[in-house]
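*Asks:* Please find upload39.csv (CSV, N, CA and C atoms) on the next line:
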chain,number,residue,atom,x,y,z
E,1,MET,N,7.5,-27.2,-49.5
E,1,MET,CA,7.0,-26.6,-48.3
E,1,MET,C,5.9,-25.6,-48.7
E,2,ASN,N,4.7,-25.8,-48.2
E,2,ASN,CA,3.5,-25.0,-48.5
E,2,ASN,C,3.3,-24.0,-47.3
E,3,THR,N,3.7,-22.8,-47.5
E,3,THR,CA,3.4,-21.8,-46.4
E,3,THR,C,2.2,-20.9,-46.8
E,4,THR,N,1.5,-20.6,-45.8
E,4,THR,CA,0.3,-19.8,-46.0
E,4,THR,C,0.6,-18.4,-45.6
E,5,THR,N,0.3,-17.5,-46.6
E,5,THR,CA,0.6,-16.0,-46.4
E,5,THR,C,-0.5,-15.5,-45.4
E,6,PRO,N,-0.1,-14.4,-44.7
E,6,PRO,CA,-1.2,-13.8,-43.8
E,6,PRO,C,-2.4,-13.4,-44.6
E,7,LEU,N,-2.3,-13.0,-45.8
E,7,LEU,CA,-3.5,-12.6,-46.6
E,7,LEU,C,-4.4,-13.8,-46.9
E,8,ARG,N,-3.7,-14.9,-47.3
E,8,ARG,CA,-4.5,-16.2,-47.6
E,8,ARG,C,-5.1,-16.7,-46.3
E,9,GLN,N,-4.4,-16.6,-45.2
E,9,GLN,CA,-5.0,-17.1,-43.9
E,9,GLN,C,-6.2,-16.3,-43.5
E,10,ARG,N,-6.1,-15.0,-43.7
E,10,ARG,CA,-7.2,-14.1,-43.4
E,10,ARG,C,-8.4,-14.4,-44.3
E,11,MET,N,-8.2,-14.6,-45.6
E,11,MET,CA,-9.3,-15.0,-46.5
E,11,MET,C,-9.9,-16.3,-46.1
E,12,ILE,N,-9.1,-17.3,-45.7
E,12,ILE,CA,-9.7,-18.5,-45.3
E,12,ILE,C,-10.5,-18.3,-44.0
E,13,GLU,N,-10.0,-17.5,-43.1
E,13,GLU,CA,-10.8,-17.2,-41.9
E,13,GLU,C,-12.1,-16.5,-42.2
E,14,ASP,N,-12.1,-15.6,-43.2
E,14,ASP,CA,-13.3,-14.9,-43.6
E,14,ASP,C,-14.3,-15.8,-44.3
E,15,MET,N,-13.8,-16.8,-45.1
E,15,MET,CA,-14.6,-17.7,-45.7
E,15,MET,C,-15.3,-18.7,-44.7
E,16,ASP,N,-14.5,-19.0,-43.6
E,16,ASP,CA,-15.0,-19.8,-42.5
E,16,ASP,C,-16.2,-19.1,-41.8
E,17,LEU,N,-15.9,-17.8,-41.6
E,17,LEU,CA,-17.0,-17.0,-40.9
E,17,LEU,C,-18.2,-16.8,-41.8
E,18,ALA,N,-18.0,-16.8,-43.1
E,18,ALA,CA,-19.1,-16.7,-44.0
E,18,ALA,C,-19.9,-18.0,-44.2
E,19,GLY,N,-19.3,-19.1,-43.6
E,19,GLY,CA,-19.9,-20.4,-43.7
E,19,GLY,C,-19.8,-21.1,-45.1
E,20,LEU,N,-18.8,-20.8,-45.8
E,20,LEU,CA,-18.6,-21.4,-47.1
E,20,LEU,C,-18.1,-22.9,-46.9
E,21,LYS,N,-18.6,-23.7,-47.9
E,21,LYS,CA,-18.2,-25.1,-47.9
E,21,LYS,C,-16.8,-25.3,-48.3
E,22,PRO,N,-16.1,-26.4,-47.9
E,22,PRO,CA,-14.7,-26.6,-48.2
E,22,PRO,C,-14.4,-26.5,-49.7
E,23,ARG,N,-15.2,-27.1,-50.5
E,23,ARG,CA,-14.9,-27.1,-52.0
E,23,ARG,C,-15.0,-25.7,-52.5
E,24,THR,N,-15.9,-24.9,-52.0
E,24,THR,CA,-16.1,-23.5,-52.4
E,24,THR,C,-14.8,-22.7,-52.0
E,25,LYS,N,-14.4,-22.9,-50.8
E,25,LYS,CA,-13.1,-22.3,-50.3
E,25,LYS,C,-11.9,-22.6,-51.2
E,26,GLU,N,-11.8,-23.9,-51.5
E,26,GLU,CA,-10.7,-24.3,-52.4
E,26,GLU,C,-10.8,-23.6,-53.8
E,27,THR,N,-12.0,-23.5,-54.3
E,27,THR,CA,-12.2,-22.9,-55.6
E,27,THR,C,-11.8,-21.4,-55.5
E,28,TYR,N,-12.3,-20.7,-54.5
E,28,TYR,CA,-12.0,-19.3,-54.3
E,28,TYR,C,-10.5,-19.0,-54.2
E,29,ILE,N,-9.8,-19.9,-53.4
E,29,ILE,CA,-8.4,-19.7,-53.2
E,29,ILE,C,-7.6,-19.9,-54.5
E,30,TYR,N,-8.1,-20.9,-55.3
E,30,TYR,CA,-7.5,-21.2,-56.6
E,30,TYR,C,-7.6,-20.0,-57.5
E,31,ALA,N,-8.8,-19.4,-57.5
E,31,ALA,CA,-9.1,-18.3,-58.4
E,31,ALA,C,-8.2,-17.1,-58.0
E,32,VAL,N,-8.0,-16.9,-56.8
E,32,VAL,CA,-7.1,-15.8,-56.3
E,32,VAL,C,-5.6,-16.1,-56.6
E,33,ARG,N,-5.3,-17.4,-56.5
E,33,ARG,CA,-3.9,-17.8,-56.8
E,33,ARG,C,-3.6,-17.6,-58.3
E,34,ARG,N,-4.6,-17.9,-59.1
E,34,ARG,CA,-4.4,-17.7,-60.6
E,34,ARG,C,-4.3,-16.2,-60.9
E,35,LEU,N,-5.1,-15.4,-60.3
E,35,LEU,CA,-5.0,-13.9,-60.5
E,35,LEU,C,-3.6,-13.4,-60.1
E,36,ALA,N,-3.2,-13.8,-58.9
E,36,ALA,CA,-1.9,-13.3,-58.4
E,36,ALA,C,-0.7,-13.8,-59.4
E,37,GLY,N,-0.9,-15.1,-59.8
E,37,GLY,CA,0.1,-15.6,-60.7
E,37,GLY,C,0.1,-14.9,-62.1
E,38,HIS,N,-1.0,-14.5,-62.5
E,38,HIS,CA,-1.1,-13.8,-63.8
E,38,HIS,C,-0.3,-12.5,-63.7
E,39,PHE,N,-0.5,-11.8,-62.6
E,39,PHE,CA,0.2,-10.5,-62.5
E,39,PHE,C,1.6,-10.6,-61.7
E,40,ARG,N,1.9,-11.8,-61.2
E,40,ARG,CA,3.1,-12.0,-60.6
E,40,ARG,C,3.4,-11.1,-59.4
E,41,ARG,N,2.3,-10.9,-58.6
E,41,ARG,CA,2.4,-10.2,-57.4
E,41,ARG,C,1.2,-10.5,-56.5
E,42,ALA,N,1.4,-10.1,-55.2
E,42,ALA,CA,0.3,-10.4,-54.2
E,42,ALA,C,-1.0,-9.7,-54.7
E,43,PRO,N,-2.1,-10.4,-54.4
E,43,PRO,CA,-3.4,-9.9,-54.9
E,43,PRO,C,-3.8,-8.5,-54.3
E,44,ASP,N,-3.3,-8.3,-53.1
E,44,ASP,CA,-3.6,-7.0,-52.5
E,44,ASP,C,-2.9,-5.8,-53.1
E,45,ARG,N,-2.0,-6.1,-54.1
E,45,ARG,CA,-1.3,-5.1,-54.9
E,45,ARG,C,-1.8,-4.9,-56.3
E,46,ILE,N,-2.9,-5.6,-56.6
E,46,ILE,CA,-3.5,-5.6,-57.9
E,46,ILE,C,-4.6,-4.6,-57.9
E,47,THR,N,-4.7,-3.8,-58.9
E,47,THR,CA,-5.7,-2.7,-59.0
E,47,THR,C,-7.0,-3.2,-59.6
E,48,GLU,N,-8.0,-2.4,-59.4
E,48,GLU,CA,-9.4,-2.6,-59.9
E,48,GLU,C,-9.3,-2.8,-61.4
E,49,GLU,N,-8.6,-1.9,-62.1
E,49,GLU,CA,-8.5,-1.9,-63.5
E,49,GLU,C,-7.8,-3.2,-64.0
E,50,GLU,N,-6.8,-3.6,-63.3
E,50,GLU,CA,-6.1,-4.9,-63.7
E,50,GLU,C,-7.0,-6.1,-63.5
E,51,VAL,N,-7.8,-6.1,-62.4
E,51,VAL,CA,-8.8,-7.2,-62.2
E,51,VAL,C,-9.8,-7.2,-63.4
E,52,ARG,N,-10.3,-6.0,-63.7
E,52,ARG,CA,-11.2,-5.9,-64.8
E,52,ARG,C,-10.6,-6.4,-66.1
E,53,ALA,N,-9.4,-6.0,-66.4
E,53,ALA,CA,-8.7,-6.5,-67.6
E,53,ALA,C,-8.6,-8.0,-67.6
E,54,TYR,N,-8.2,-8.6,-66.5
E,54,TYR,CA,-8.1,-10.0,-66.3
E,54,TYR,C,-9.4,-10.7,-66.6
E,55,LEU,N,-10.5,-10.2,-66.0
E,55,LEU,CA,-11.8,-10.9,-66.3
E,55,LEU,C,-12.2,-10.8,-67.8
E,56,ILE,N,-11.9,-9.6,-68.4
E,56,ILE,CA,-12.2,-9.5,-69.8
E,56,ILE,C,-11.4,-10.4,-70.6
E,57,GLU,N,-10.1,-10.6,-70.3
E,57,GLU,CA,-9.3,-11.5,-71.0
E,57,GLU,C,-9.8,-13.0,-70.8
E,58,MET,N,-10.2,-13.3,-69.6
E,58,MET,CA,-10.7,-14.6,-69.4
E,58,MET,C,-11.9,-14.9,-70.3
E,59,LYS,N,-12.8,-14.0,-70.4
E,59,LYS,CA,-14.0,-14.1,-71.2
E,59,LYS,C,-13.5,-14.3,-72.7
E,60,ALA,N,-12.6,-13.4,-73.1
E,60,ALA,CA,-12.2,-13.4,-74.5
E,60,ALA,C,-11.5,-14.7,-74.9
E,61,LYS,N,-10.8,-15.3,-73.9
E,61,LYS,CA,-10.2,-16.6,-74.2
E,61,LYS,C,-11.2,-17.8,-74.2
E,62,GLY,N,-12.4,-17.5,-73.9
E,62,GLY,CA,-13.5,-18.5,-74.0
E,62,GLY,C,-13.6,-19.4,-72.8
E,63,ALA,N,-13.4,-18.8,-71.6
E,63,ALA,CA,-13.6,-19.5,-70.4
E,63,ALA,C,-15.1,-19.9,-70.3
E,64,ALA,N,-15.3,-21.1,-69.8
E,64,ALA,CA,-16.7,-21.6,-69.6
E,64,ALA,C,-17.4,-20.7,-68.6
E,65,GLN,N,-18.7,-20.6,-68.8
E,65,GLN,CA,-19.4,-19.7,-67.9
E,65,GLN,C,-19.2,-20.1,-66.4
E,66,GLY,N,-19.3,-21.4,-66.1
E,66,GLY,CA,-19.1,-21.8,-64.7
E,66,GLY,C,-17.7,-21.5,-64.2
E,67,THR,N,-16.7,-21.6,-65.0
E,67,THR,CA,-15.3,-21.3,-64.6
E,67,THR,C,-15.2,-19.8,-64.4
E,68,PHE,N,-15.8,-19.0,-65.3
E,68,PHE,CA,-15.7,-17.6,-65.2
E,68,PHE,C,-16.4,-17.1,-63.9
E,69,LYS,N,-17.6,-17.6,-63.6
E,69,LYS,CA,-18.4,-17.2,-62.5
E,69,LYS,C,-17.6,-17.6,-61.2
E,70,THR,N,-17.1,-18.8,-61.1
E,70,THR,CA,-16.4,-19.1,-59.8
E,70,THR,C,-15.2,-18.3,-59.6
E,71,ASN,N,-14.5,-18.0,-60.7
E,71,ASN,CA,-13.3,-17.1,-60.6
E,71,ASN,C,-13.7,-15.7,-60.1
E,72,LEU,N,-14.8,-15.2,-60.8
E,72,LEU,CA,-15.3,-13.9,-60.4
E,72,LEU,C,-15.7,-13.8,-58.9
E,73,HIS,N,-16.4,-14.8,-58.5
E,73,HIS,CA,-16.9,-14.8,-57.1
E,73,HIS,C,-15.7,-14.9,-56.1
E,74,GLY,N,-14.7,-15.8,-56.4
E,74,GLY,CA,-13.6,-15.9,-55.5
E,74,GLY,C,-12.8,-14.6,-55.4
E,75,ILE,N,-12.6,-14.0,-56.6
E,75,ILE,CA,-11.8,-12.7,-56.6
E,75,ILE,C,-12.7,-11.6,-55.9
E,76,ARG,N,-13.9,-11.6,-56.2
E,76,ARG,CA,-14.8,-10.6,-55.5
E,76,ARG,C,-14.8,-10.8,-54.0
E,77,PHE,N,-14.9,-12.1,-53.6
E,77,PHE,CA,-14.8,-12.3,-52.1
E,77,PHE,C,-13.6,-11.8,-51.5
E,78,LEU,N,-12.4,-12.0,-52.1
E,78,LEU,CA,-11.2,-11.5,-51.6
E,78,LEU,C,-11.2,-10.0,-51.4
E,79,PHE,N,-11.6,-9.3,-52.5
E,79,PHE,CA,-11.5,-7.8,-52.5
E,79,PHE,C,-12.6,-7.2,-51.6
E,80,ARG,N,-13.8,-7.8,-51.7
E,80,ARG,CA,-14.9,-7.2,-50.9
E,80,ARG,C,-14.8,-7.6,-49.4
E,81,ASN,N,-14.7,-8.9,-49.1
E,81,ASN,CA,-14.8,-9.3,-47.7
E,81,ASN,C,-13.5,-9.3,-47.0
E,82,THR,N,-12.4,-9.7,-47.6
E,82,THR,CA,-11.1,-9.7,-46.9
E,82,THR,C,-10.4,-8.4,-46.9
E,83,LEU,N,-10.4,-7.7,-48.1
E,83,LEU,CA,-9.6,-6.5,-48.2
E,83,LEU,C,-10.5,-5.2,-48.0
E,84,GLY,N,-11.8,-5.4,-48.0
E,84,GLY,CA,-12.8,-4.3,-47.8
E,84,GLY,C,-12.8,-3.3,-48.9
E,85,SER,N,-12.5,-3.7,-50.1
E,85,SER,CA,-12.5,-2.8,-51.3
E,85,SER,C,-13.9,-2.7,-51.9
E,86,ASP,N,-14.4,-1.5,-51.9
E,86,ASP,CA,-15.7,-1.3,-52.5
E,86,ASP,C,-15.6,-0.8,-53.9
E,87,TRP,N,-15.2,-1.7,-54.8
E,87,TRP,CA,-15.0,-1.4,-56.1
E,87,TRP,C,-16.2,-1.4,-57.0
E,88,ALA,N,-16.4,-0.4,-57.9
E,88,ALA,CA,-17.5,-0.4,-58.8
E,88,ALA,C,-17.6,-1.6,-59.6
E,89,LEU,N,-16.4,-2.2,-59.9
E,89,LEU,CA,-16.4,-3.4,-60.8
E,89,LEU,C,-17.3,-4.5,-60.2
E,90,PHE,N,-17.3,-4.6,-58.9
E,90,PHE,CA,-18.1,-5.7,-58.3
E,90,PHE,C,-19.5,-5.3,-58.0
E,91,SER,N,-19.9,-4.1,-58.2
E,91,SER,CA,-21.3,-3.7,-57.8
E,91,SER,C,-22.1,-3.4,-59.1
E,92,LYS,N,-21.5,-3.4,-60.2
E,92,LYS,CA,-22.2,-3.1,-61.5
E,92,LYS,C,-23.1,-4.3,-61.8
E,93,LYS,N,-24.3,-3.9,-62.3
E,93,LYS,CA,-25.2,-5.0,-62.7
E,93,LYS,C,-24.7,-5.6,-64.0
E,94,ARG,N,-24.7,-6.9,-64.0
E,94,ARG,CA,-24.2,-7.6,-65.2
E,94,ARG,C,-25.3,-7.6,-66.3
E,95,PHE,N,-24.8,-7.6,-67.5
E,95,PHE,CA,-25.7,-7.5,-68.7
E,95,PHE,C,-26.3,-8.9,-68.9
E,96,VAL,N,-27.5,-8.9,-69.4
E,96,VAL,CA,-28.2,-10.1,-69.8
E,96,VAL,C,-27.6,-10.6,-71.1
E,97,ASN,N,-27.5,-12.0,-71.2
E,97,ASN,CA,-27.1,-12.6,-72.5
E,97,ASN,C,-28.0,-12.1,-73.6
E,98,PRO,N,-27.5,-11.5,-74.6
E,98,PRO,CA,-28.4,-11.0,-75.7
E,98,PRO,C,-29.1,-12.1,-76.5
E,99,ASN,N,-28.6,-13.4,-76.4
E,99,ASN,CA,-29.2,-14.5,-77.0
E,99,ASN,C,-30.4,-15.1,-76.3
E,100,LYS,N,-30.5,-14.6,-75.0
E,100,LYS,CA,-31.6,-15.1,-74.2
E,100,LYS,C,-32.6,-14.0,-74.0
E,101,SER,N,-33.8,-14.1,-74.4
E,101,SER,CA,-34.8,-13.1,-74.2
E,101,SER,C,-35.5,-13.3,-72.9
E,102,VAL,N,-35.9,-12.3,-72.2
E,102,VAL,CA,-36.7,-12.4,-71.0
E,102,VAL,C,-38.1,-12.7,-71.3
E,103,PHE,N,-38.5,-12.5,-72.6
E,103,PHE,CA,-39.9,-12.7,-73.0
E,103,PHE,C,-40.0,-14.0,-73.8
E,104,PRO,N,-40.9,-14.9,-73.4
E,104,PRO,CA,-41.0,-16.2,-74.2
E,104,PRO,C,-41.5,-15.9,-75.6
E,105,LYS,N,-41.0,-16.8,-76.5
E,105,LYS,CA,-41.5,-16.7,-77.8
E,105,LYS,C,-42.8,-17.5,-78.0
E,106,LEU,N,-43.9,-16.7,-77.9
E,106,LEU,CA,-45.2,-17.3,-77.9
E,106,LEU,C,-45.7,-17.6,-79.3
E,107,PHE,N,-45.3,-16.7,-80.2
E,107,PHE,CA,-45.8,-16.9,-81.6
E,107,PHE,C,-44.6,-16.9,-82.5
E,108,PRO,N,-44.4,-17.9,-83.3
E,108,PRO,CA,-43.3,-17.9,-84.2
E,108,PRO,C,-43.6,-16.9,-85.3
E,109,ILE,N,-42.6,-16.2,-85.7
E,109,ILE,CA,-42.7,-15.2,-86.8
E,109,ILE,C,-42.8,-16.0,-88.1
E,110,ARG,N,-43.8,-15.7,-88.9
E,110,ARG,CA,-43.9,-16.3,-90.2
E,110,ARG,C,-43.9,-15.2,-91.3
E,111,MET,N,-43.2,-15.5,-92.3
E,111,MET,CA,-43.1,-14.5,-93.4
E,111,MET,C,-44.2,-14.9,-94.3
E,112,SER,N,-45.1,-13.9,-94.6
E,112,SER,CA,-46.2,-14.2,-95.6
E,112,SER,C,-45.7,-13.9,-97.0
E,113,ALA,N,-46.4,-14.4,-97.9
E,113,ALA,CA,-46.1,-14.2,-99.3
E,113,ALA,C,-46.2,-12.7,-99.7
E,114,ALA,N,-46.9,-11.9,-99.0
E,114,ALA,CA,-47.1,-10.5,-99.3
E,114,ALA,C,-45.9,-9.7,-99.0
E,115,CYS,N,-45.0,-10.2,-98.1
E,115,CYS,CA,-43.8,-9.4,-97.7
E,115,CYS,C,-42.8,-9.3,-98.7
Output the structure of this file as structure tokens.
*Replies:*
Amino acid sequence: MNTTTPLRQRMIEDMDLAGLKPRTKETYIYAVRRLAGHFRRAPDRITEEEVRAYLIEMKAKGAAQGTFKTNLHGIRFLFRNTLGSDWALFSKKRFVNPNKSVFPKLFPIRMSAAC
């Protein structure tokens, strides 16, 4: 028997109001379900620090970038839109990948014999 909790129903309604596509809604619900399962309690009882630790652990375990982003967006949707939590975790600017330069490599670096 699959019962929908009031919190899940509210999140679904909020996603409908936001105009999210069915597949996006499924993905967001799954992300929140995984978060709740990880901590074994309702997501509205999970703290900002716990969410942060969960996301760090996800990265450390090698989650694919797409998987990480969809989980982040789903969790952020719940806390921002449905629960109205204005957490700094979700407003911080993300760091750029250090392996990707914002400047194109126009000139290859060549080591001369004089060096």
*Asks:* Quick one: pull the distance between atom N of Tyr30 of chain E and atom C of Asn71 of chain E, Å, one decimal.
*Replies:*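 Distance between the two atoms: 9.0 Å.
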*Asks:* Between E:Pro6, E:Gly62, E:Gly19, E:Gly74, which one has atoms that come closest to Ala42 of chain E, using only C-alpha atoms?
*Replies:*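 Of the candidates, the smallest distance to Ala42 of chain E is held by E:Pro6.
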*Asks:* Atom N of Asp16 of chain E to atom CA of Phe90 of chain E: how many Å, to one decimal?
*Replies:*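 Separating atom N of Asp16 of chain E from atom CA of Phe90 of chain E is a distance of 20.1 Å.
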*Asks:* In Å, how far is it from atom C of Lys25 of chain E to atom CA of Arg76 of chain E?
*Replies:*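 Distance between the two atoms: 13.1 Å.
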*Asks:* Ranking E:Leu72, E:Val51, E:Ile29, E:Ala64 by minimum distance to Leu7 of chain E and counting only C-alpha atoms, which one comes first?
*Replies:* E:Ile29
*Asks:* Using all atoms listed in the file for the distances, tell me which of E:Thr5, E:Ala31, E:Ile12, E:Thr24 is nearest to Ile75 of chain E.
*Replies:*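 When distances to Ile75 of chain E are compared using all atoms listed in the file, the smallest one comes from E:Ala31.
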*Asks:* Hey, what's within 9 Å of Ala36 of chain E if we count only C-alpha atoms and toss same-chain stuff fewer than 6 positions away? As a PyMOL selection string, please?
*Replies:* chain E and resi 42-46
*Asks:* Taking all atoms listed in the file into account, name the residue in E:Ala18, E:Met11, E:Leu55, E:Val32 that is nearest to Leu83 of chain E.
*Replies:*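 Smallest distance to Leu83 of chain E is found for E:Met11.
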*Asks:* With distances taken over only C-alpha atoms, which residue among E:Ser91, E:Tyr54, E:Lys69, E:Gly84 lies nearest Gly37 of chain E?
*Replies:*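 Of E:Ser91, E:Tyr54, E:Lys69, E:Gly84, the one nearest Gly37 of chain E, counting only C-alpha atoms, is E:Tyr54.
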